[in-house]
Each structure stands twice: as structure tokens, then as C-alpha cells.
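Participant: My structure is stored as work-v6.txt, with compact mmCIF, C-alpha atoms (C1' of nucleotides).
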```txt
# COMPACT_ATOMS: atom_id res chain seq x y z
CA MET A 18 -8.28 41.56 -27.89
CA ASN A 19 -10.41 40.75 -24.91
CA ASP A 20 -11.38 37.50 -26.59
CA SER A 21 -7.77 36.58 -27.09
CA LEU A 22 -7.00 37.25 -23.44
CA LEU A 23 -10.01 35.27 -22.35
CA ASN A 24 -9.10 32.39 -24.63
CA ARG A 25 -5.59 32.25 -23.35
CA SER A 26 -6.89 32.28 -19.81
CA ARG A 27 -9.29 29.44 -20.60
CA LYS A 28 -6.52 27.46 -22.22
CA ARG A 29 -4.39 27.87 -19.15
CA ASP A 30 -7.22 26.71 -16.91
CA ALA A 31 -7.96 23.75 -19.13
CA LEU A 32 -4.36 22.64 -18.92
CA LEU A 33 -3.82 23.48 -15.28
CA PHE A 34 -4.53 19.92 -14.19
CA LEU A 35 -1.36 18.83 -15.95
CA THR A 36 1.18 21.03 -14.17
CA ASP A 37 3.80 19.25 -12.11
CA ASP A 38 2.30 20.64 -8.96
CA GLN A 39 -1.15 19.37 -9.82
CA LEU A 40 0.32 15.98 -10.67
CA LEU A 41 2.20 15.85 -7.37
CA GLN A 42 -1.00 16.73 -5.54
CA GLY A 43 -2.69 13.87 -7.36
CA ILE A 44 0.12 11.57 -6.28
CA GLU A 45 -0.34 12.56 -2.65
CA LEU A 46 -4.11 12.14 -2.95
CA MET A 47 -3.55 8.59 -4.15
CA TYR A 48 -1.23 7.87 -1.25
CA PHE A 49 -3.46 9.26 1.48
CA ALA A 50 -6.69 7.93 0.00
CA TYR A 51 -5.27 4.42 -0.27
CA LYS A 52 -4.18 4.63 3.32
CA GLY A 53 -7.68 5.55 4.45
CA PHE A 54 -9.15 2.99 2.09
CA THR A 55 -7.38 0.12 3.84
CA SER A 56 -7.54 1.42 7.41
CA ASP A 57 -10.98 0.09 8.36
CA PRO A 58 -10.44 -3.50 7.21
CA ASP A 59 -6.94 -3.46 8.70
CA LYS A 60 -8.39 -2.79 12.14
CA ILE A 61 -10.72 -5.78 11.77
CA LEU A 62 -7.96 -8.03 10.43
CA GLN A 63 -5.82 -7.34 13.49
CA ASN A 64 -8.36 -9.07 15.72
CA HIS A 65 -7.96 -12.18 13.59
CA THR A 66 -4.15 -12.00 13.32
CA TYR A 67 -4.53 -11.62 9.57
CA GLY A 68 -3.09 -8.96 7.27
CA ARG A 69 -3.73 -7.26 3.94
CA ALA A 70 -2.73 -10.37 2.02
CA HIS A 71 -5.51 -12.35 3.68
CA HIS A 72 -8.05 -9.66 2.88
CA ARG A 73 -7.05 -9.62 -0.78
CA ALA A 74 -7.31 -13.39 -1.07
CA ILE A 75 -10.70 -13.46 0.66
CA HIS A 76 -12.01 -10.60 -1.43
CA PHE A 77 -11.13 -12.15 -4.78
CA ILE A 78 -12.22 -15.65 -3.81
CA ASN A 79 -15.60 -14.18 -2.91
CA ARG A 80 -15.85 -12.10 -6.06
CA HIS A 81 -14.84 -14.94 -8.34
CA LYS A 82 -16.12 -18.01 -6.58
CA GLY A 83 -14.37 -21.22 -7.60
CA LEU A 84 -11.43 -19.46 -9.22
CA LYS A 85 -8.24 -21.44 -9.70
CA VAL A 86 -5.08 -20.85 -7.68
CA ASN A 87 -3.32 -19.70 -10.84
CA ASP A 88 -6.04 -17.11 -11.49
CA LEU A 89 -5.61 -15.72 -8.01
CA LEU A 90 -1.87 -15.65 -8.55
CA ASP A 91 -2.36 -13.64 -11.74
CA ILE A 92 -4.74 -11.19 -10.07
CA LEU A 93 -2.53 -10.56 -7.07
CA GLY A 94 0.73 -10.58 -8.98
CA ILE A 95 2.67 -12.35 -6.24
CA THR A 96 4.62 -15.59 -6.16
CA LYS A 97 2.89 -18.86 -5.39
CA GLN A 98 5.05 -19.23 -2.29
CA SER A 99 3.71 -15.95 -0.93
CA LEU A 100 0.13 -16.84 -1.75
CA ASN A 101 0.47 -20.38 -0.47
CA ARG A 102 1.42 -19.28 3.01
CA VAL A 103 -1.68 -17.11 3.26
CA LEU A 104 -3.95 -19.63 1.58
CA ARG A 105 -2.78 -22.46 3.79
CA GLN A 106 -3.67 -20.44 6.88
CA LEU A 107 -7.12 -19.64 5.55
CA VAL A 108 -7.75 -23.27 4.63
CA ASP A 109 -6.42 -24.51 7.99
CA ASP A 110 -8.59 -21.98 9.80
CA GLY A 111 -11.63 -23.17 7.88
CA LEU A 112 -12.30 -19.94 5.98
CA VAL A 113 -11.44 -21.21 2.52
CA GLU A 114 -12.21 -24.51 0.85
CA SER A 115 -9.97 -25.89 -1.87
CA ARG A 116 -11.83 -28.34 -4.11
CA VAL A 117 -10.18 -30.57 -6.69
CA GLY A 118 -11.03 -29.38 -10.21
CA VAL A 119 -13.80 -31.22 -12.03
CA LYS A 120 -12.53 -30.92 -15.58
CA ASP A 121 -8.84 -30.97 -14.68
CA LYS A 122 -7.98 -32.68 -11.43
CA ARG A 123 -4.66 -30.83 -11.17
CA GLU A 124 -6.54 -27.61 -10.60
CA ARG A 125 -7.94 -26.44 -7.28
CA ASN A 126 -11.09 -24.33 -7.15
CA LEU A 127 -11.27 -21.94 -4.23
CA TYR A 128 -14.41 -21.15 -2.28
CA LEU A 129 -15.19 -19.30 0.93
CA THR A 130 -16.76 -21.41 3.66
CA GLU A 131 -19.54 -20.03 5.81
CA ALA A 132 -16.97 -18.63 8.23
CA GLY A 133 -14.97 -17.19 5.33
CA THR A 134 -18.06 -15.53 3.93
CA ALA A 135 -18.78 -14.04 7.34
CA LEU A 136 -15.32 -12.49 7.61
CA ASP A 137 -15.55 -11.25 4.03
CA ARG A 138 -18.83 -9.57 4.81
CA GLU A 139 -17.35 -7.93 7.90
CA LEU A 140 -14.38 -6.59 5.93
CA SER A 141 -16.43 -5.66 2.90
CA ASP A 142 -19.07 -3.85 4.95
CA ALA A 143 -16.44 -1.59 6.44
CA GLN A 144 -14.78 -0.84 3.11
CA ARG A 145 -18.05 -0.38 1.23
CA ALA A 146 -19.35 1.94 3.92
CA ARG A 147 -16.39 4.24 3.36
CA MET A 148 -16.77 4.08 -0.41
CA ARG A 149 -20.51 4.68 -0.21
CA LYS A 150 -20.00 7.71 1.98
CA ALA A 151 -17.38 9.07 -0.42
CA TYR A 152 -19.48 8.35 -3.52
CA ARG A 153 -22.57 9.89 -1.99
CA ALA A 154 -20.72 13.03 -0.96
CA ALA A 155 -18.99 13.36 -4.32
CA GLY A 156 -21.96 12.66 -6.57
CA PRO A 157 -22.36 10.55 -9.74
CA ASP A 158 -20.34 12.78 -12.07
CA ALA A 159 -17.34 12.85 -9.75
CA VAL A 160 -17.59 9.08 -9.31
CA GLN A 161 -17.56 8.67 -13.07
CA GLY A 162 -14.40 10.79 -13.29
CA PHE A 163 -12.84 8.89 -10.41
CA ARG A 164 -13.38 5.63 -12.25
CA ILE A 165 -12.05 6.93 -15.55
CA VAL A 166 -8.84 8.26 -14.04
CA LEU A 167 -8.18 5.13 -11.95
CA GLU A 168 -8.61 2.96 -15.04
CA GLN A 169 -6.09 5.13 -16.84
CA ILE A 170 -3.63 4.91 -13.98
CA MET A 171 -3.42 1.15 -13.85
CA ASP A 172 -1.43 -1.02 -16.23
CA ASN A 173 -3.17 -1.86 -19.45
CA GLU A 174 -2.74 -5.58 -18.91
CA THR A 175 -4.34 -5.25 -15.50
CA LEU A 176 -7.30 -3.39 -16.98
CA HIS A 177 -7.85 -6.06 -19.60
CA HIS A 178 -7.45 -8.70 -16.95
CA LEU A 179 -10.05 -6.95 -14.82
CA ARG A 180 -12.46 -6.56 -17.74
CA ARG A 181 -12.14 -10.26 -18.53
CA LEU A 182 -12.80 -11.21 -14.91
CA GLU A 183 -15.75 -8.83 -14.74
CA LYS A 184 -17.19 -10.48 -17.86
CA ASP A 185 -16.70 -13.99 -16.43
CA ARG A 186 -18.21 -12.89 -13.18
CA THR A 187 -21.50 -11.61 -14.63
CA ASN A 188 -21.74 -14.70 -16.82
CA ASP A 189 -21.75 -17.04 -13.83
CA MET B 22 -48.26 7.35 -15.14
CA ASN B 23 -45.54 7.24 -17.74
CA ASP B 24 -43.87 10.14 -16.02
CA SER B 25 -43.88 8.32 -12.74
CA LEU B 26 -42.29 5.26 -14.31
CA LEU B 27 -39.68 7.36 -16.05
CA ASN B 28 -38.92 9.28 -12.89
CA ARG B 29 -38.47 6.11 -10.91
CA SER B 30 -36.17 4.77 -13.60
CA ARG B 31 -34.12 7.96 -13.57
CA LYS B 32 -33.92 7.86 -9.82
CA ARG B 33 -32.62 4.31 -9.99
CA ASP B 34 -30.00 5.27 -12.56
CA ALA B 35 -28.90 8.25 -10.54
CA LEU B 36 -28.30 6.00 -7.57
CA LEU B 37 -26.81 3.09 -9.47
CA PHE B 38 -23.29 4.20 -8.52
CA LEU B 39 -24.13 3.27 -4.95
CA THR B 40 -25.04 -0.38 -5.42
CA ASP B 41 -22.84 -2.92 -3.66
CA ASP B 42 -21.53 -4.14 -6.98
CA GLN B 43 -20.54 -0.65 -8.07
CA LEU B 44 -18.86 -0.09 -4.71
CA LEU B 45 -16.96 -3.37 -4.99
CA GLN B 46 -15.83 -2.38 -8.48
CA GLY B 47 -14.61 0.90 -7.02
CA ILE B 48 -12.72 -1.02 -4.36
CA GLU B 49 -10.99 -3.14 -6.98
CA LEU B 50 -10.20 -0.05 -9.04
CA MET B 51 -8.47 1.44 -6.02
CA TYR B 52 -6.47 -1.71 -5.49
CA PHE B 53 -5.32 -2.14 -9.07
CA ALA B 54 -4.71 1.56 -9.67
CA TYR B 55 -2.56 1.85 -6.57
CA LYS B 56 -0.57 -1.12 -7.70
CA GLY B 57 0.12 0.48 -11.08
CA PHE B 58 0.72 3.80 -9.40
CA THR B 59 3.67 2.45 -7.40
CA SER B 60 5.06 0.03 -9.99
CA ASP B 61 7.29 2.45 -11.92
CA PRO B 62 9.08 3.94 -8.90
CA ASP B 63 9.39 0.48 -7.35
CA LYS B 64 11.40 -0.69 -10.35
CA ILE B 65 13.77 2.24 -9.94
CA LEU B 66 14.08 1.75 -6.19
CA GLN B 67 15.17 -1.84 -6.66
CA ASN B 68 18.35 -0.69 -8.39
CA HIS B 69 19.18 1.33 -5.29
CA THR B 70 18.18 -1.38 -2.78
CA TYR B 71 15.54 0.97 -1.44
CA GLY B 72 11.83 0.37 -0.95
CA ARG B 73 8.51 2.23 -0.74
CA ALA B 74 9.37 3.65 2.66
CA HIS B 75 12.43 5.40 1.19
CA HIS B 76 10.37 6.82 -1.64
CA ARG B 77 7.79 8.22 0.74
CA ALA B 78 10.43 9.87 2.91
CA ILE B 79 12.22 11.36 -0.10
CA HIS B 80 8.97 12.58 -1.62
CA PHE B 81 7.79 14.44 1.47
CA ILE B 82 11.20 15.84 2.34
CA ASN B 83 11.30 17.30 -1.16
CA ARG B 84 7.75 18.63 -1.03
CA HIS B 85 8.21 20.20 2.39
CA LYS B 86 11.85 21.15 2.48
CA GLY B 87 13.24 21.55 5.98
CA LEU B 88 10.37 19.77 7.67
CA LYS B 89 10.94 18.39 11.14
CA VAL B 90 11.24 14.66 11.91
CA ASN B 91 8.03 14.87 13.91
CA ASP B 92 6.18 16.38 10.93
CA LEU B 93 7.33 13.53 8.73
CA LEU B 94 6.21 11.05 11.40
CA ASP B 95 2.76 12.64 11.42
CA ILE B 96 2.49 12.56 7.65
CA LEU B 97 3.57 8.95 7.30
CA GLY B 98 1.77 7.71 10.39
CA ILE B 99 4.51 5.28 11.39
CA THR B 100 6.64 4.92 14.51
CA LYS B 101 9.86 6.84 14.89
CA GLN B 102 11.75 3.54 15.04
CA SER B 103 10.44 2.60 11.59
CA LEU B 104 11.19 6.00 10.14
CA ASN B 105 14.58 6.20 11.79
CA ARG B 106 15.85 3.06 10.09
CA VAL B 107 14.96 4.46 6.68
CA LEU B 108 16.14 7.98 7.48
CA ARG B 109 19.48 6.78 8.82
CA GLN B 110 20.13 4.91 5.58
CA LEU B 111 19.29 7.97 3.51
CA VAL B 112 21.50 10.19 5.63
CA ASP B 113 24.37 7.65 5.62
CA ASP B 114 24.07 7.32 1.85
CA GLY B 115 24.25 11.09 1.49
CA LEU B 116 20.74 11.61 0.07
CA VAL B 117 19.27 13.44 3.05
CA GLU B 118 20.77 16.10 5.27
CA SER B 119 19.63 16.54 8.87
CA ARG B 120 20.31 20.05 10.14
CA VAL B 121 19.99 21.11 13.75
CA GLY B 122 16.99 23.40 14.22
CA VAL B 123 17.64 27.14 14.38
CA LYS B 124 14.91 28.18 16.79
CA ASP B 125 14.87 24.94 18.78
CA LYS B 126 18.10 22.97 18.76
CA ARG B 127 16.30 19.74 19.69
CA GLU B 128 14.62 19.74 16.31
CA ARG B 129 16.16 18.43 13.10
CA ASN B 130 15.26 19.94 9.75
CA LEU B 131 15.41 17.54 6.84
CA TYR B 132 16.65 18.43 3.37
CA LEU B 133 17.52 16.48 0.25
CA THR B 134 21.13 16.73 -0.87
CA GLU B 135 22.01 17.04 -4.52
CA ALA B 136 22.09 13.25 -4.82
CA GLY B 137 18.79 13.00 -2.97
CA THR B 138 17.20 15.54 -5.28
CA ALA B 139 18.45 13.55 -8.27
CA LEU B 140 16.84 10.33 -7.04
CA ASP B 141 13.65 12.18 -6.19
CA ARG B 142 13.51 13.57 -9.69
CA GLU B 143 14.03 10.12 -11.16
CA LEU B 144 11.22 8.63 -9.06
CA SER B 145 8.95 11.61 -9.48
CA ASP B 146 9.43 11.74 -13.25
CA ALA B 147 8.25 8.16 -13.58
CA GLN B 148 5.25 8.65 -11.33
CA ARG B 149 4.26 12.00 -12.81
CA ALA B 150 4.53 10.59 -16.33
CA ARG B 151 1.94 7.96 -15.46
CA MET B 152 -0.33 10.51 -13.80
CA ARG B 153 0.05 12.94 -16.70
CA LYS B 154 -0.85 10.25 -19.19
CA ALA B 155 -3.90 9.28 -17.14
CA TYR B 156 -5.02 12.87 -16.59
CA ARG B 157 -4.58 13.72 -20.25
CA ALA B 158 -6.56 10.68 -21.38
CA ALA B 159 -9.31 11.26 -18.82
CA GLY B 160 -9.76 15.00 -19.28
CA PRO B 161 -10.21 17.85 -16.80
CA ASP B 162 -13.73 16.98 -15.66
CA ALA B 163 -12.78 13.41 -14.86
CA VAL B 164 -9.69 14.62 -13.01
CA GLN B 165 -11.84 16.94 -10.96
CA GLY B 166 -14.10 14.02 -10.03
CA PHE B 167 -11.09 11.84 -9.27
CA ARG B 168 -9.82 14.44 -6.82
CA ILE B 169 -13.16 14.94 -5.14
CA VAL B 170 -13.74 11.24 -4.54
CA LEU B 171 -10.19 10.60 -3.29
CA GLU B 172 -10.52 13.46 -0.80
CA GLN B 173 -13.75 11.92 0.44
CA ILE B 174 -12.17 8.50 0.79
CA MET B 175 -9.37 9.55 3.08
CA ASP B 176 -9.68 10.22 6.80
CA ASN B 177 -10.87 13.68 7.69
CA GLU B 178 -7.84 14.33 9.88
CA THR B 179 -5.57 13.37 7.01
CA LEU B 180 -7.37 15.76 4.67
CA HIS B 181 -7.04 18.63 7.12
CA HIS B 182 -3.44 17.70 7.67
CA LEU B 183 -2.84 17.76 3.93
CA ARG B 184 -4.63 21.09 3.50
CA ARG B 185 -2.49 22.58 6.25
CA LEU B 186 0.70 21.28 4.67
CA GLU B 187 -0.39 22.53 1.26
CA LYS B 188 -0.95 25.97 2.74
CA ASP B 189 2.46 25.98 4.47
CA ARG B 190 4.08 24.82 1.28
CA THR B 191 2.80 27.63 -0.92
CA ASN B 192 3.63 30.18 1.77
CA ASP B 193 7.33 29.26 1.75
C1' DT C 21 18.00 26.54 39.76
C1' DA C 22 16.22 21.97 39.95
C1' DT C 23 12.97 19.21 37.59
C1' DA C 24 9.86 17.83 34.03
C1' DA C 25 8.84 17.46 29.30
C1' DT C 26 10.10 17.35 24.39
C1' DA C 27 12.68 15.92 20.14
C1' DC C 28 15.49 12.77 18.46
C1' DG C 29 18.08 8.65 18.13
C1' DT C 30 19.06 3.80 19.09
C1' DC C 31 19.06 -1.25 20.53
C1' DA C 32 16.62 -5.59 20.61
C1' DG C 33 13.06 -8.58 19.34
C1' DC C 34 9.02 -9.80 16.74
C1' DA C 35 5.55 -10.22 12.83
C1' DA C 36 3.65 -9.81 8.11
C1' DT C 37 4.64 -9.93 3.42
C1' DA C 38 7.27 -10.31 -0.25
C1' DT C 39 11.31 -12.49 -2.86
C1' DT C 40 14.44 -16.48 -5.19
C1' DG C 41 15.64 -21.22 -5.75
C1' DA C 42 14.98 -26.05 -5.52
C1' DC C 43 12.12 -30.02 -5.29
C1' DT C 44 7.87 -33.20 -5.13
C1' DT C 45 3.35 -34.98 -6.35
C1' DT C 46 -0.37 -35.38 -9.24
C1' DC C 47 -2.32 -35.37 -13.50
C1' DC C 48 -3.21 -34.18 -18.49
C1' DA C 49 -1.85 -34.42 -23.27
C1' DA C 50 0.93 -35.22 -27.20
C1' DT D 5 5.21 -43.06 -22.12
C1' DT D 6 7.23 -38.96 -21.62
C1' DG D 7 7.04 -33.95 -21.12
C1' DG D 8 4.90 -30.24 -19.02
C1' DA D 9 1.34 -27.91 -16.25
C1' DA D 10 -0.90 -27.07 -11.56
C1' DA D 11 -0.25 -27.07 -7.03
C1' DG D 12 2.17 -27.49 -2.77
C1' DT D 13 6.37 -27.27 0.07
C1' DC D 14 11.02 -26.14 2.40
C1' DA D 15 14.64 -22.88 3.20
C1' DA D 16 16.84 -18.55 3.16
C1' DT D 17 16.55 -13.56 2.71
C1' DA D 18 14.75 -8.57 2.50
C1' DT D 19 11.60 -4.77 3.57
C1' DT D 20 8.66 -2.57 6.52
C1' DG D 21 6.02 -2.25 10.14
C1' DC D 22 5.40 -2.94 15.47
C1' DT D 23 6.45 -2.72 20.91
C1' DG D 24 9.38 -1.74 24.71
C1' DA D 25 13.24 0.22 26.84
C1' DC D 26 16.92 3.62 27.12
C1' DG D 27 20.01 7.66 26.42
C1' DT D 28 21.13 12.48 25.24
C1' DA D 29 20.47 17.10 24.35
C1' DT D 30 17.61 20.95 24.88
C1' DT D 31 13.71 23.63 26.31
C1' DA D 32 10.06 24.87 29.49
C1' DT D 33 8.30 25.23 33.95
C1' DA D 34 7.58 25.14 38.89
```
The structure given in the file should be rewritten as C-alpha cells.
Facilitator:
Amino acid sequence: MNDSLLNRSRKRDALLFLTDDQLLQGIELMYFAYKGFTSDPDKILQNHTYGRAHHRAIHFINRHKGLKVNDLLDILGITKQSLNRVLRQLVDDGLVESRVGVKDKRERNLYLTEAGTALDRELSDAQRARMRKAYRAAGPDAVQGFRIVLEQIMDNETLHHLRRLEKDRTND
Amino acid sequence: MNDSLLNRSRKRDALLFLTDDQLLQGIELMYFAYKGFTSDPDKILQNHTYGRAHHRAIHFINRHKGLKVNDLLDILGITKQSLNRVLRQLVDDGLVESRVGVKDKRERNLYLTEAGTALDRELSDAQRARMRKAYRAAGPDAVQGFRIVLEQIMDNETLHHLRRLEKDRTND
DNA sequence: TATAATACGTCAGCAATATTGACTTTCCAA
DNA sequence: TTGGAAAGTCAATATTGCTGACGTATTATA
């Protein structure tokens, strides 16, 4: 009797994280956390008259040095016209270098210049500081859960894409 | 001797989630997860010629029925001019009702109409389905960690703001 | 009661980021 | 040598944010 009550209670608790209200809370957490997540770099970008799009391009060019324009297009999931506007600015401003491909001369390999690397570091420092603070406060187990859930939230193709990039990256 | 080596190794492992590379991976997870997180509603919104801003307004008006325009401005962190454009559309289209405040006639209390509630449900269903799937696949412990880290990532003021709203909401 | 402050709404102009569509140049590959 | 891929470009449009300047109704205060 008591066992049955206890079991039912445990079952309810175990499933509580799937109620609509819990899901809606999760949705709001995502919204507010993302807002905080981008706020520090956004402040820095303002001083350079750049925006989120520039940060994204700089970030991925740094993480995957020498990547092709098409790769960046795939990662960001925007049109080449949108990317081109941003990329042209960064190249004109001397933050990004676009080198003709070695194997295939149609391709362009993207690299950060010294100035580009400096801005990346500035942006990355701010964003990593926030993440480090959050990770430290939350602890390793929470961080593990955080990662698992985020991977589940994103599109499967994106996850595979990311895994492939991660593999390429460490094999450099 | 062996103990000391082992301990150092364990210490390193315990802190591994704080290396720059781990932090950068976390940053990319946030980026890609948020993208997936908004993709389903965005598809729906396109059919209605609405955007993310409309979704956000609808979501929070539904979650905090009768909230004042100023409250919504605080939550969203945008200017009243930006919000007003979106809000005016929603009111004109008959999705949102703006009622004169009872206690203070300067205030406007916002409510979803029947049509507004229907669109909210459509958007919310899609977003909750993705979250439910992710939560279910990740399990309760991971979800707990997910929540803890996200709360740490956002601004402290935002968190307090959210907690206050959550309290108001359940006290309705 | 006269005046200040608040809540809301609105107009105009500007900027960043995204879109679609059309077109060119360069280069690789069948 | 011809077709297609990779990259770059021009033009037009939409969404969402911003600043600055006003106006109106209502409440609070001196």
C-alpha cells in the first residue's frame, strides 16, 4: 500500500520534467540564456560597427582555419549573398584573408589575419568567461546534462555536421 | 606516489569541462541548439507573415495573461517603438486584445483573443514537441543539469525577473 | 488646482541581417 | 569543349532593432 503510493509518487516526479509547464519553462530558459549568451560580445561588436553575423563568421573561421566559403555557408545556414556582404567587410577591413584554393583554384580558403585573431580573442574571451562562470557554478554533472539536452534540441543534420567538423578540426 | 599521480589525473578530469576547447564547444552547442529551437515555429510564422518578434510577444502574453505593455517591454528588453510595431499588427489582425487598465486607466492589459490563442497553441505545440523529445531522450538528470547551466548563463537581473514572473504566474 | 510625471502610442529615419532572383567570372571534369 | 561547380556581385524587399521627437490621457504631487 505504502509502496504503491510511494512508487506512484516517484513515477510522477520522474515524469514531471515533461509536463507542458516544465517544457514552457525550458523554452523560456533557452530564450533568456541565449540573450545573455550573446550580450557580452554584442557590446564589443558595437564599438567596431559589426553585428552578430560578423561574430559568427569570425568564430567559425578561427575554429576551422582555412575552411571554404561553401563550408561556412553550410554551417551558418544563410544565403551566399548574406554571407558575402559580411565577408567582404571583414576582408576589406583586413580581419579575414581569402586565399585561392591549392587543390581547386575555384575555392577560397578563409583565414583570420592578425587583426582578425585579435578581435576573435576579444569576443571569445568575453563569451568564454561567461560560460566558464556558468560551468564552474553548475558543476561537471550539470554541464554534462546541459550538453546532452542541447545536442538533442538541435537538428540531427546539424549535429552530424558538427561532429564531422569537430573530427576534421582535431585532425588538423 | 601512485596515489598522487591518480589524484592529479582525477583532478584534471574533474576540471576538463573548463578548458577553452570545452567552453568553445559549449558556445557552439548554444548557437546550434538555439537555431534548431526556433526553426519549427519560424516555419509556421512564415505562413502568417510574422517573425520571431511576434512569437515572443504572443508567447509572453499567453504566459502572463493581462500583463502590462511596460512588463512586456521589460521582459523583451526592446524599445517601445519596436514592440509597438509588432503589437499594433497583432491587435489589428485580431490576435491580441488591449484592454484599458482597471486600477490605472493609463495602463493597457494585454490578452490573446481566440485567434491569438490558436496561433500560440500552434507555435507552442511545435516548440514543446521538440523540447519534449529532447528531454525524453536526455533523461531527468540531464534536464536538471541543462536547467542549472542555462540559469547560470543568463544575466542575474533576468533570472530574478524570471523568478518574479514565475511566482506571479502561479499565484494567478 | 496647477503642474509634473507616467503609460502608451506614433511618426520619421536609420542600420543590421536576412531573403529571392539574375548574372558573371573562373576553373575543373567528363 | 562543354557543362557544372565555386565564388562574387547587383538589385529589390522584409523583419527587427535603434534614436529622437511628439502627442494624449491619466495619475500623482506640490
Participant: Give me the residues near region 7-20 of chain D as an MDAnalysis selection string, where near means some atom within 10 Å (using all atoms listed in the file) and where sequence neighbours in that chain fewer than 5 positions away do not count.
Facilitator: (chainID A and resid 85:87 97:98 101:102 105 121:125) or (chainID B and resid 70:74 103:104 106:107) or (chainID C and resid 36:50)
Participant: One decimal, in Å: what's the spacing between CA of Tyr128 (chain A) and CA of Leu167 (chain A)?
Facilitator: 28.7 Å
Participant: Need the shell around Leu44 (chain B): protein/DNA/RNA residues with any atom at most 7 Å away, counting all atoms listed in the file. Skip same-chain ones fewer than 5 positions apart. Format as a list in words?
Facilitator: Arg145, Met148 and Arg149 of chain A; Leu39 of chain B
Participant: Give me the residues near Phe81 (chain B) as a PyMOL selection string, where near means some atom within 12 Å (using all atoms listed in the file) and where sequence neighbours in that chain fewer than 2 positions away do not count.
Facilitator: (chain A and resi 41-42+44-45+48) or (chain B and resi 74-79+83-90+92-97+117+131-133+137-138+141+145+183+186-187+190)
Participant: Would you kindly report the residues of chain B within 8 Å of chain A, using all atoms listed in the file, as a PyMOL selection string?
Facilitator: chain B and resi 35-36+38-39+41+44-45+47-48+50-51+53-58+148-149+151-159+161-176+179
Participant: Find the distance between CA of Val108 (chain A) and CA of Leu62 (chain A) and write it in Å to one decimal.
Facilitator: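 The value is 16.3 Å.
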Participant: Using all atoms listed in the file, can you tell me which of B:Asp114, B:Ile99, B:Asn28, B:Asp61 comes closest to chain D?
Facilitator: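 Ranking B:Asp114, B:Ile99, B:Asn28, B:Asp61 by distance to chain D, first place goes to B:Ile99.
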Participant: Closest to chain D among B:Ile82, B:Leu111, B:Gly122, B:Ala136, using only C-alpha atoms (C1' of nucleotides)?
Facilitator: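 So, comparing all the options, the nearest one is B:Gly122.
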Participant: Figure out the distance between C1' of DG21 (chain D) and CA of Pro58 (chain A), please, to one decimal in Å.
Facilitator: 16.8 Å
Participant: Find, counting all atoms listed in the file, the residue in D:DG27, D:DC22, D:DT5, D:DT33 that gets nearest to chain B.
Facilitator: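 Distance minimum relative to chain B lands on D:DC22.
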Participant: Which is closest to chain C among B:Val121, B:Ala147, B:Asp113, B:His182, if we use only C-alpha atoms (C1' of nucleotides)?
Facilitator: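 Looking only at the distances to chain C, the closest residue turns out to be B:Val121.
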Participant: Name the closest residue to chain C among the candidates B:Thr134, B:Glu143, B:Leu108, B:Gly115; distances are taken between atoms, counting all atoms listed in the file.
Facilitator: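 For chain C, the nearest of the candidates is B:Leu108.
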Participant: Can you work out which one of B:Lys124, B:Ser25, B:Glu118, B:Ile65 has the shortest atom-to-atom distance to DT30 (chain D), counting only C-alpha atoms (C1' of nucleotides)?
Facilitator: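 The closest residue to DT30 (chain D) is B:Lys124.
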